[in-house]
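Working notes, structure below.
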Amino acid sequence: MVSGKLSGVSNPLVLMDAASLYFRAFYALPESMTAPDGTPVNAVRGFVDTIAKVITDRKAGRLVACLDADWRPAFRVAALPSYKAHRVAEGAVEGEEEVPDTLTPQIPIILDVLDAVGIATAEADGYEADDVIGTLAARETTDPVEVITGDRDLFQVVREEPTPVRVLYLGRGWAKAELLGPQELAAKYALPVHDAGRAYAGMAVLRGDPSDGLPGVTGIGEKTAAKLISEFGSLQAVLDAVHDGRDRKLTTRARTALLNAQDYLAVAPTVVNVATDAKIVMDRPDTVPTAPADPDRVAELTRRWGLGSSLPRLLSAMERR
């Protein structure tokens, strides 16, 4: 695990988990940050400042803001109806996500800024941003990849070949960011280094995640889940051992817990594993521009929304890259 001053590579493809980052900015900065008309812009300013940091500190040569076309995809809900069910807004149409009232109007502003500046966005119909990131990372064969997120679910995308993929995890903020590859992920969770990303996903299935409506296997916490994955090598090997009475590595207690959770375990991988074959729609090439796509619109957005410190900082980072 690397924290504090983070080492990196020059000109990586950086994939930003946009919703994760603007939610994080919204809660990290005060709503007293407002536009001239009184509209809160704390999430906008925090998100724009994050892009500037990414370009400067991570030396991004290519950058994509990955979006949720569907924050709660039908295929995941069909597999596990509890998936993110507690986040559905009361009385919402077609399962609309519950978003703070003062964040909702900031999201279109963020998208306007990205468009005017010329930062690429990407989404895939029927998929989450995680799946967009998983697909873009999986198909990259030229440059190293860095994923910027506050969501542990994306730890599963780390790899070494054909190009290295790392996750810059901002769960505790930029100052305490962690840069995780297979070695760091394996050390952090006591997982096998070989195929550490897949091992993490297997552990996540067993452990569960209440924040996503994943119950996990009753009686199997994170440490036990990691131990099982390490001992057997994969989630599938653990599940195969459940029905092999000759395998003494699996305790009676663990075997019973896994047997009791068979219905959940049959569908959970569909929910946990990010897609790697989503049909991506990208609005422009992913090269980081050195000048804004629409300078006049940038100036208008800066004036209208009171972004006089954040947008100039982003433009400066783009010019210097």
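Residue numbers start at 1 in each chain; chains themselves are named A, B, ... in the order of the structure tokens; ligands are numbered from 1 in the order shown.
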
As a ChimeraX atom specification, which residues of segment 14-124 of chain A does DSSP assign to alpha helix (DSSP H)? /A:18-28,42-57,74-79,106-117

Segment 58-272 of chain A: residues DSSP assigns to strand (DSSP E or B), reported as a CSV table (one decimal) with N, CA and C atoms, in the first residue's frame:
chain,number,residue,atom,x,y,z
A,62,ARG,N,-4.4,10.8,-20.7
A,62,ARG,CA,-5.8,10.5,-21.2
A,62,ARG,C,-6.7,10.4,-19.9
A,63,LEU,N,-7.9,10.9,-20.1
A,63,LEU,CA,-8.8,11.0,-18.9
A,63,LEU,C,-10.2,10.9,-19.4
A,64,VAL,N,-11.0,10.0,-18.6
A,64,VAL,CA,-12.4,9.8,-18.9
A,64,VAL,C,-13.2,9.9,-17.6
A,65,ALA,N,-14.2,10.8,-17.6
A,65,ALA,CA,-15.2,10.8,-16.5
A,65,ALA,C,-16.2,9.8,-16.8
A,66,CYS,N,-16.3,8.7,-16.0
A,66,CYS,CA,-17.2,7.6,-16.3
A,66,CYS,C,-18.5,7.8,-15.5
A,88,VAL,N,-33.2,3.7,-3.0
A,88,VAL,CA,-34.3,4.2,-3.9
A,88,VAL,C,-35.1,5.3,-3.2
A,97,GLU,N,-32.6,7.1,-7.9
A,97,GLU,CA,-31.8,7.2,-6.7
A,97,GLU,C,-32.1,8.4,-5.8
A,120,ALA,N,-13.4,14.1,-21.7
A,120,ALA,CA,-14.2,13.0,-22.2
A,120,ALA,C,-15.1,12.4,-21.1
A,121,THR,N,-16.4,12.1,-21.5
A,121,THR,CA,-17.2,11.3,-20.6
A,121,THR,C,-17.6,10.0,-21.3
A,122,ALA,N,-18.0,9.0,-20.5
A,122,ALA,CA,-18.3,7.7,-21.1
A,122,ALA,C,-19.4,7.1,-20.3
A,123,GLU,N,-20.4,6.4,-20.9
A,123,GLU,CA,-21.4,5.7,-20.3
A,123,GLU,C,-21.8,4.5,-21.1
A,145,VAL,N,-3.2,2.1,-16.6
A,145,VAL,CA,-4.5,2.7,-16.2
A,145,VAL,C,-4.5,3.0,-14.7
A,146,GLU,N,-5.0,4.1,-14.4
A,146,GLU,CA,-5.3,4.5,-13.0
A,146,GLU,C,-6.8,4.8,-12.9
A,147,VAL,N,-7.4,4.1,-11.9
A,147,VAL,CA,-8.9,4.3,-11.6
A,147,VAL,C,-8.9,5.2,-10.4
A,148,ILE,N,-9.7,6.3,-10.4
A,148,ILE,CA,-9.8,7.2,-9.3
A,148,ILE,C,-11.2,7.0,-8.7
A,149,THR,N,-11.3,6.6,-7.5
A,149,THR,CA,-12.6,6.3,-6.9
A,149,THR,C,-12.6,6.3,-5.4
A,159,ARG,N,-4.5,-5.2,-12.0
A,159,ARG,CA,-3.9,-6.3,-12.8
A,159,ARG,C,-2.5,-5.8,-13.1
A,165,VAL,N,-3.0,-2.0,-14.2
A,165,VAL,CA,-4.1,-1.2,-13.8
A,165,VAL,C,-4.0,-1.1,-12.3
A,166,ARG,N,-4.1,0.2,-11.8
A,166,ARG,CA,-4.0,0.5,-10.4
A,166,ARG,C,-5.3,1.3,-10.0
A,167,VAL,N,-5.7,1.2,-8.7
A,167,VAL,CA,-6.8,2.0,-8.2
A,167,VAL,C,-6.3,3.0,-7.2
A,168,LEU,N,-6.5,4.3,-7.4
A,168,LEU,CA,-6.2,5.3,-6.5
A,168,LEU,C,-7.5,5.5,-5.6
A,169,TYR,N,-7.5,5.0,-4.4
A,169,TYR,CA,-8.7,5.0,-3.6
A,169,TYR,C,-8.7,6.2,-2.7
A,178,GLU,N,-4.8,6.0,-1.3
A,178,GLU,CA,-4.0,4.8,-1.4
A,178,GLU,C,-4.0,4.3,-2.9
A,179,LEU,N,-2.8,4.0,-3.3
A,179,LEU,CA,-2.6,3.5,-4.7
A,179,LEU,C,-2.4,2.0,-4.6
A,180,LEU,N,-3.4,1.3,-5.1
A,180,LEU,CA,-3.4,-0.2,-5.0
A,180,LEU,C,-3.2,-0.9,-6.3
A,209,ASP,N,-21.9,-6.6,1.5
A,209,ASP,CA,-21.7,-5.1,1.6
A,209,ASP,C,-23.1,-4.5,1.9
A,214,LEU,N,-26.0,-6.1,-0.2
A,214,LEU,CA,-25.5,-7.4,-0.4
A,214,LEU,C,-25.3,-8.1,1.0

Test item: residues at most 12 Å from segment 285-299 of chain A, only C-alpha atoms, excluding those fewer than 2 positions along its chain, as a count of residues only: 56

Nearest to His86 of chain A: which of A:Gln236, A:Thr142, A:Gly173, A:Pro210 is it, counting only C-alpha atoms?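 Once distances to His86 of chain A are computed over only C-alpha atoms, the minimum belongs to A:Pro210.
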
For atom CA of Ala257 of chain A and atom CA of Ser230 of chain A, determine how far apart the two atoms are, in Å to one decimal place.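 A separation of 17.9 Å between them.
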
Of the listed residues A:Ala266, A:Val158, A:Leu239, A:Ala69, that which approaches Val193 of chain A most closely, counting only C-alpha atoms: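 Closest to Val193 of chain A of all the choices is A:Val158.
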
Taking 4 positions as the minimum chain separation for residues in the same chain, which residues sit within 10 Å of Ala254 of chain A when counting only C-alpha atoms? Answer as number ranges by chain. A: 217-220, 224-225, 228, 242, 249-250, 258-260

Excluding Ala187 of chain A and its own-chain neighbours fewer than 5 positions away, which residues fall within 12 Å of it when counting only C-alpha atoms? Please give them as a ChimeraX atom specification. /A:1-2,180-182,192-194,196,200,226,230

I want to know what sits within 9 Å of Asp277 of chain A, based on only C-alpha atoms, with residues of the same chain fewer than 4 positions away left out; could you give that as an MDAnalysis selection string? chainID A and resid 131:132 134:136 138:139

Would you write out those residues with C-alpha atoms, as a short mmCIF file (atom, residue, chain, number, x, y, z; two decimals), in the first residue's frame?
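Generated output (selection-v1.cif):
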data_model
loop_
_atom_site.label_atom_id
_atom_site.label_comp_id
_atom_site.auth_asym_id
_atom_site.auth_seq_id
_atom_site.Cartn_x
_atom_site.Cartn_y
_atom_site.Cartn_z
CA ASP A 131 -18.95 -1.35 -15.55
CA VAL A 132 -17.75 1.45 -17.84
CA GLY A 134 -14.21 -2.26 -15.90
CA THR A 135 -14.73 -2.38 -19.66
CA LEU A 136 -12.35 0.48 -20.50
CA ALA A 138 -10.09 -4.48 -19.59
CA ARG A 139 -9.69 -3.40 -23.20
#

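Between Leu154 of chain A and the residues A:Pro81, A:Pro108, A:Gly221, A:Gly171, the shortest atom-to-atom distance, using only C-alpha atoms, involves A:Gly171.
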
Selection: 7 Å around Lys84 of chain A, only C-alpha atoms, excl. self and same-chain fewer than 4 positions, as a VMD selection string: chain A and resid 72 212 to 213

Those selected residues, please, written with C-alpha atoms and delivered as a PDB file, in the first residue's frame.
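The resulting file, part.pdb, is reproduced below:
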ATOM      1  CA  ARG A  72     -29.145   0.210 -10.344  1.00  0.00           C
ATOM      2  CA  ASP A 212     -25.068  -2.085  -1.599  1.00  0.00           C
ATOM      3  CA  GLY A 213     -27.737  -4.388  -0.172  1.00  0.00           C
TER       4      GLY A 213
END

Between A:Ala19, A:Ala35, A:Ala237, A:Ala79, which is the closest to Pro269 of chain A once you count only C-alpha atoms? A:Ala79

Between A:Ala186, A:Ala175, A:Leu80, A:Ile229, which is the closest to Lys53 of chain A once you count only C-alpha atoms?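 Between A:Ala186, A:Ala175, A:Leu80, A:Ile229, the residue approaching Lys53 of chain A most closely is A:Ala175.
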